[in-house]
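Colleague: Got query.txt for you, compact mmCIF, C-alpha atoms and all ligand atoms:
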# COMPACT_ATOMS: atom_id res chain seq x y z
CA MET A 1 37.15 153.52 123.22
CA CYS A 2 38.20 149.91 122.83
CA ALA A 3 41.02 148.51 124.98
CA ALA A 4 43.03 145.40 124.12
CA LEU A 5 43.71 143.16 127.12
CA ILE A 6 46.79 140.97 127.08
CA ASP A 7 47.24 138.25 129.70
CA PRO A 8 50.98 137.47 130.13
CA GLU A 9 50.05 133.90 131.02
CA ASP A 10 48.83 133.40 127.46
CA TYR A 11 51.69 134.93 125.47
CA ASP A 12 55.43 135.37 125.68
CA ALA A 13 56.92 138.85 125.27
CA SER A 14 57.34 138.72 121.50
CA GLU A 15 53.86 137.35 120.84
CA ALA A 16 52.34 139.88 123.26
CA SER A 17 54.19 142.71 121.47
CA ARG A 18 52.95 141.52 118.09
CA ILE A 19 49.35 141.34 119.30
CA ALA A 20 49.59 144.76 120.93
CA LYS A 21 50.96 146.25 117.72
CA VAL A 22 48.23 144.72 115.58
CA SER A 23 45.61 145.87 118.13
CA GLU A 24 46.95 149.41 118.00
CA ALA A 25 46.85 149.35 114.21
CA ALA A 26 43.23 148.15 114.41
CA GLY A 27 42.38 151.19 116.53
CA ALA A 28 42.60 150.01 120.14
CA GLY A 29 42.96 153.11 122.29
CA LEU A 30 44.97 151.52 125.05
CA ILE A 31 46.63 148.28 126.03
CA LEU A 32 45.75 146.58 129.30
CA VAL A 33 48.05 143.93 130.73
CA GLY A 34 47.00 141.49 133.43
CA GLY A 35 45.12 138.37 134.40
CA SER A 36 43.58 136.62 137.37
CA THR A 37 46.08 133.74 137.63
CA LEU A 38 49.33 135.57 136.88
CA ALA A 39 52.11 134.33 139.18
CA ASP A 40 55.36 135.18 137.35
CA GLN A 41 56.26 138.83 137.83
CA GLY A 42 59.43 138.47 135.75
CA ARG A 43 57.30 137.36 132.83
CA LEU A 44 54.99 140.33 133.35
CA ASP A 45 57.98 142.72 133.23
CA LYS A 46 59.22 141.18 129.99
CA VAL A 47 55.77 141.34 128.40
CA VAL A 48 55.20 144.97 129.42
CA LYS A 49 58.68 146.02 128.24
CA GLY A 50 58.15 144.25 124.91
CA ILE A 51 54.76 145.89 124.38
CA LYS A 52 56.06 149.35 125.32
CA LYS A 53 58.73 149.06 122.62
CA ASN A 54 56.12 148.28 119.98
CA VAL A 55 53.23 150.62 120.66
CA THR A 56 52.63 154.29 121.31
CA ARG A 57 49.37 153.76 123.24
CA HIS A 58 49.46 153.76 127.01
CA VAL A 59 50.08 150.41 128.64
CA ILE A 60 48.03 150.05 131.80
CA LEU A 61 48.21 147.25 134.34
CA PHE A 62 45.03 145.37 135.20
CA PRO A 63 46.20 143.31 138.19
CA GLY A 64 44.42 140.32 139.69
CA ASN A 65 46.80 140.11 142.63
CA ILE A 66 50.02 141.59 144.06
CA THR A 67 51.93 139.89 141.24
CA GLY A 68 50.33 142.24 138.71
CA VAL A 69 52.65 145.23 139.31
CA SER A 70 55.36 146.22 136.82
CA GLN A 71 57.47 149.38 136.88
CA TYR A 72 57.59 149.38 133.08
CA ALA A 73 53.90 150.21 132.61
CA ASP A 74 52.42 153.71 132.42
CA ALA A 75 49.74 153.27 135.06
CA ILE A 76 47.81 150.76 137.11
CA LEU A 77 44.10 150.19 137.55
CA PHE A 78 44.36 150.07 141.33
CA SER A 79 41.26 148.04 141.89
CA SER A 80 39.16 146.57 144.64
CA LEU A 81 36.98 143.56 143.86
CA LEU A 82 34.02 145.06 145.65
CA ASN A 83 31.82 141.98 145.58
CA SER A 84 34.45 139.52 146.76
CA THR A 85 33.62 137.55 149.90
CA ASN A 86 37.28 137.63 150.88
CA PRO A 87 38.70 140.86 152.33
CA TYR A 88 42.04 139.98 150.72
CA PHE A 89 40.62 140.91 147.30
CA ILE A 90 38.82 143.99 148.62
CA ILE A 91 41.72 145.63 150.49
CA GLY A 92 44.36 143.06 151.56
CA ALA A 93 46.21 142.67 148.27
CA GLN A 94 46.00 146.41 147.71
CA ALA A 95 47.77 147.11 151.02
CA LEU A 96 50.43 144.47 150.32
CA GLY A 97 51.06 145.82 146.83
CA SER A 98 50.93 149.52 147.62
CA VAL A 99 54.62 150.09 148.40
CA HIS A 100 55.63 148.35 145.19
CA VAL A 101 53.23 150.62 143.27
CA LEU A 102 54.76 153.67 144.98
CA LYS A 103 58.35 152.60 144.26
CA SER A 104 57.44 151.80 140.67
CA ARG A 105 56.24 155.39 140.24
CA LEU A 106 53.11 154.16 138.51
CA GLU A 107 50.13 156.41 138.15
CA SER A 108 47.41 154.79 140.23
CA ILE A 109 43.87 154.88 138.87
CA PRO A 110 41.34 154.02 141.59
CA MET A 111 38.85 151.46 140.35
CA GLY A 112 35.92 149.47 141.65
CA TYR A 113 35.73 146.02 140.10
CA LEU A 114 32.42 144.15 139.93
CA VAL A 115 32.17 140.55 138.79
CA PHE A 116 29.02 139.07 137.27
CA GLY A 117 28.22 135.41 136.65
CA SER A 118 29.95 132.62 138.53
CA GLY A 119 31.70 130.49 135.91
CA SER A 120 34.81 132.56 135.24
CA ALA A 121 38.37 132.31 136.57
CA THR A 122 38.03 135.87 137.87
CA SER A 123 34.96 134.95 139.87
CA PHE A 124 36.52 131.74 141.20
CA VAL A 125 39.93 133.18 142.08
CA GLY A 126 38.48 136.40 143.47
CA GLN A 127 35.90 134.49 145.54
CA ALA A 128 33.22 136.79 144.24
CA ASN A 129 29.63 136.78 145.36
CA ALA A 130 28.86 137.21 141.67
CA ILE A 131 26.10 139.66 140.81
CA PRO A 132 23.28 137.98 138.84
CA THR A 133 22.96 139.60 135.42
CA ASP A 134 19.18 139.78 135.83
CA LYS A 135 19.49 141.95 138.94
CA PRO A 136 20.71 145.35 137.66
CA ASN A 137 19.63 147.00 140.92
CA LEU A 138 22.32 145.09 142.80
CA ALA A 139 24.92 146.37 140.33
CA VAL A 140 23.64 149.93 140.82
CA MET A 141 24.04 149.64 144.60
CA TYR A 142 27.67 148.60 144.25
CA ALA A 143 28.30 151.25 141.61
CA LEU A 144 26.98 153.97 143.89
CA ALA A 145 29.06 152.65 146.78
CA ALA A 146 32.14 152.79 144.52
CA GLN A 147 31.30 156.37 143.58
CA PHE A 148 30.73 157.45 147.17
CA LEU A 149 34.10 155.88 148.09
CA GLY A 150 35.77 158.05 145.46
CA MET A 151 36.47 155.37 142.86
CA ARG A 152 36.54 157.31 139.62
CA THR A 153 36.61 154.19 137.47
CA LEU A 154 34.30 151.18 137.56
CA TYR A 155 34.82 147.91 135.68
CA LEU A 156 31.84 145.66 135.03
CA GLU A 157 33.24 142.19 134.40
CA ALA A 158 31.29 139.36 132.78
CA GLY A 159 34.37 137.12 133.02
CA SER A 160 37.09 136.38 130.53
CA GLY A 161 35.78 134.13 127.79
CA ALA A 162 32.18 134.50 128.99
CA SER A 163 29.72 133.06 126.48
CA GLN A 164 27.38 135.99 127.12
CA SER A 165 28.70 139.51 127.44
CA LEU A 166 27.05 141.77 129.99
CA PRO A 167 23.42 142.55 129.07
CA ARG A 168 22.86 146.10 127.93
CA ASP A 169 20.20 146.79 130.59
CA VAL A 170 22.74 146.16 133.38
CA ILE A 171 25.16 148.66 131.82
CA THR A 172 22.35 151.17 131.24
CA ALA A 173 21.19 150.89 134.86
CA VAL A 174 24.70 151.49 136.20
CA ARG A 175 25.34 154.31 133.72
CA LYS A 176 22.24 156.12 134.92
CA TYR A 177 23.78 156.58 138.38
CA TYR A 178 27.53 156.14 138.13
CA ARG A 179 29.36 159.35 137.19
CA GLY A 180 32.90 158.02 136.61
CA LEU A 181 34.60 156.20 133.78
CA LEU A 182 32.73 152.98 133.01
CA ILE A 183 34.67 149.99 131.68
CA VAL A 184 32.89 146.87 130.45
CA GLY A 185 34.48 143.56 129.51
CA GLY A 186 34.07 139.83 129.26
CA GLY A 187 32.84 137.89 126.25
CA ILE A 188 32.94 140.79 123.78
CA THR A 189 33.91 139.10 120.54
CA SER A 190 31.78 140.82 117.89
CA PRO A 191 30.85 144.34 116.80
CA GLU A 192 27.23 143.60 117.78
CA LYS A 193 28.21 142.87 121.37
CA ALA A 194 30.46 145.93 121.46
CA ARG A 195 27.65 148.11 120.11
CA GLU A 196 25.30 146.86 122.83
CA ALA A 197 27.85 147.75 125.51
CA ALA A 198 28.49 151.17 123.96
CA LYS A 199 24.79 151.93 123.67
CA GLY A 200 24.39 150.86 127.29
CA GLY A 201 26.85 153.61 128.20
CA ALA A 202 30.25 151.96 128.48
CA ASP A 203 33.16 154.39 128.02
CA ILE A 204 35.74 151.67 127.44
CA ILE A 205 35.08 148.22 126.01
CA VAL A 206 37.68 145.58 126.79
CA VAL A 207 38.56 142.79 124.40
CA GLY A 208 40.80 139.94 125.56
CA ASN A 209 40.17 136.42 124.29
CA LEU A 210 39.44 137.54 120.75
CA LEU A 211 43.09 138.58 120.37
CA ALA A 212 44.13 134.92 120.50
CA GLN A 213 42.18 134.17 117.31
CA PRO A 214 44.18 134.10 114.08
CA GLY A 215 43.27 137.09 111.93
CA PHE A 216 41.52 138.92 114.77
CA GLU A 217 42.47 142.32 113.33
CA SER A 218 39.45 142.80 111.07
CA THR A 219 36.95 141.88 113.82
CA LEU A 220 38.78 144.17 116.24
CA ARG A 221 38.60 146.99 113.69
CA GLN A 222 34.82 146.55 113.53
CA ILE A 223 34.60 146.40 117.33
CA VAL A 224 36.58 149.66 117.56
CA GLN A 225 34.05 151.33 115.24
CA ALA A 226 31.09 149.81 117.12
CA ALA A 227 32.51 151.00 120.46
CA LYS A 228 32.30 154.62 119.25
CA ILE A 229 28.54 154.45 118.75
CA LYS A 230 26.46 155.98 121.50
C1 LIG B 301 38.55 139.88 131.13
O1 LIG B 301 36.92 141.53 130.65
C2 LIG B 301 38.11 140.98 130.22
O2 LIG B 301 38.95 140.40 132.35
C3 LIG B 301 38.08 140.55 128.78
O3 LIG B 301 37.24 139.44 128.58
O4 LIG B 301 38.75 137.85 127.42
O5 LIG B 301 36.27 137.57 127.29
O6 LIG B 301 37.39 139.44 126.08
P1 LIG B 301 37.43 138.54 127.25
Hey, can you dump this file as structure tokens for me?
Modeller:
Amino acid sequence: MCAALIDPEDYDASEASRIAKVSEAAGAGLILVGGSTLADQGRLDKVVKGIKKNVTRHVILFPGNITGVSQYADAILFSSLLNSTNPYFIIGAQALGSVHVLKSRLESIPMGYLVFGSGSATSFVGQANAIPTDKPNLAVMYALAAQFLGMRTLYLEAGSGASQSLPRDVITAVRKYYRGLLIVGGGITSPEKAREAAKGGADIIVVGNLLAQPGFESTLRQIVQAAKIK
């Protein structure tokens, strides 16, 4: 499946709704909402509400911090940045945000989050000890740890706007051992890159930056098709 990722920092509610609607029409299977530098929770609420009015697909939060929770979404990827060097991003933010998640009655989807490469905002903000893309064995170790801790979803992140998406051999190596739902994102802007990720074993391919391009719909349509290939 292909998921469309909308960062509320980049769009207001009406623009986010339009992009979500076009993404759904292009075949995106779900809409993710979040970002690593999101500070304005009121804006997040407006964006999520606007998107929910316009699409039938599930709208799932992809938070980078405690500010990423909105009661208007269907669920939350309740994630731990496993390779952060700062305990705040591994378990601190999760504890601080947990009561809000409970009160919001959001379905919580436990997720391990692994960041590759060091040039992205995600890596910088999350103080990640970024996994080198030429060391798949390190990724496998973290993936197994996530599995043994009961995380039924794992997100391999190359970084938003990454010039290189995650190499297929890294995804293949993780897929060989990790039994849960495998999400891959960062730098996927073409059907070729999506196909590589799908052939590597990704269950969900996330597309973010591409959605800011005028006329993105036809490329997204091709990515959706490419994501189905195993
Ligand atoms: C970022 O993996 C996502 O968290 C999507 O990346 O914006 O590069 O598509 P892009």
Colleague: In Å, how far is it from atom CA of A:Gly68 to atom O3 of ligand LIG 301 (chain B)?
Modeller: 16.8 Å
Colleague: Could you tell me how far atom CA of A:Ala26 lies from atom CA of A:Asp10, in Å and to one decimal?
Modeller: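 Straight-line distance from atom CA of A:Ala26 to atom CA of A:Asp10 works out to 20.5 Å.
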Colleague: Can you tell me, as an NGL selection string, what residues are no more than 12 Å from A:Leu210 when counting only C-alpha atoms, ignoring any on the same chain fewer than 3 positions away?
Modeller: :A and (3-7 or 19 or 23 or 160-162 or 185-191 or 206-207 or 213-221 or 223)
Colleague: Provide the atom O1 of ligand LIG 301 (chain B) to atom CA of A:Arg175 distance in Å, to one decimal place.
Modeller: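 These atoms are spaced 17.5 Å apart.
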Colleague: I'd like to know which of A:Arg105, A:Lys52, A:Lys193, A:Lys230 is closest to ligand LIG 301 (chain B), using all atoms listed in the file.
Modeller: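 Using all atoms listed in the file, the shortest distance to ligand LIG 301 (chain B) belongs to A:Lys193.
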Colleague: A:Val125, A:Ala158, A:Val48, A:Met151: which is nearest ligand LIG 301 (chain B), counting all atoms listed in the file?
Modeller: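 The answer is A:Ala158, which sits nearest to ligand LIG 301 (chain B).
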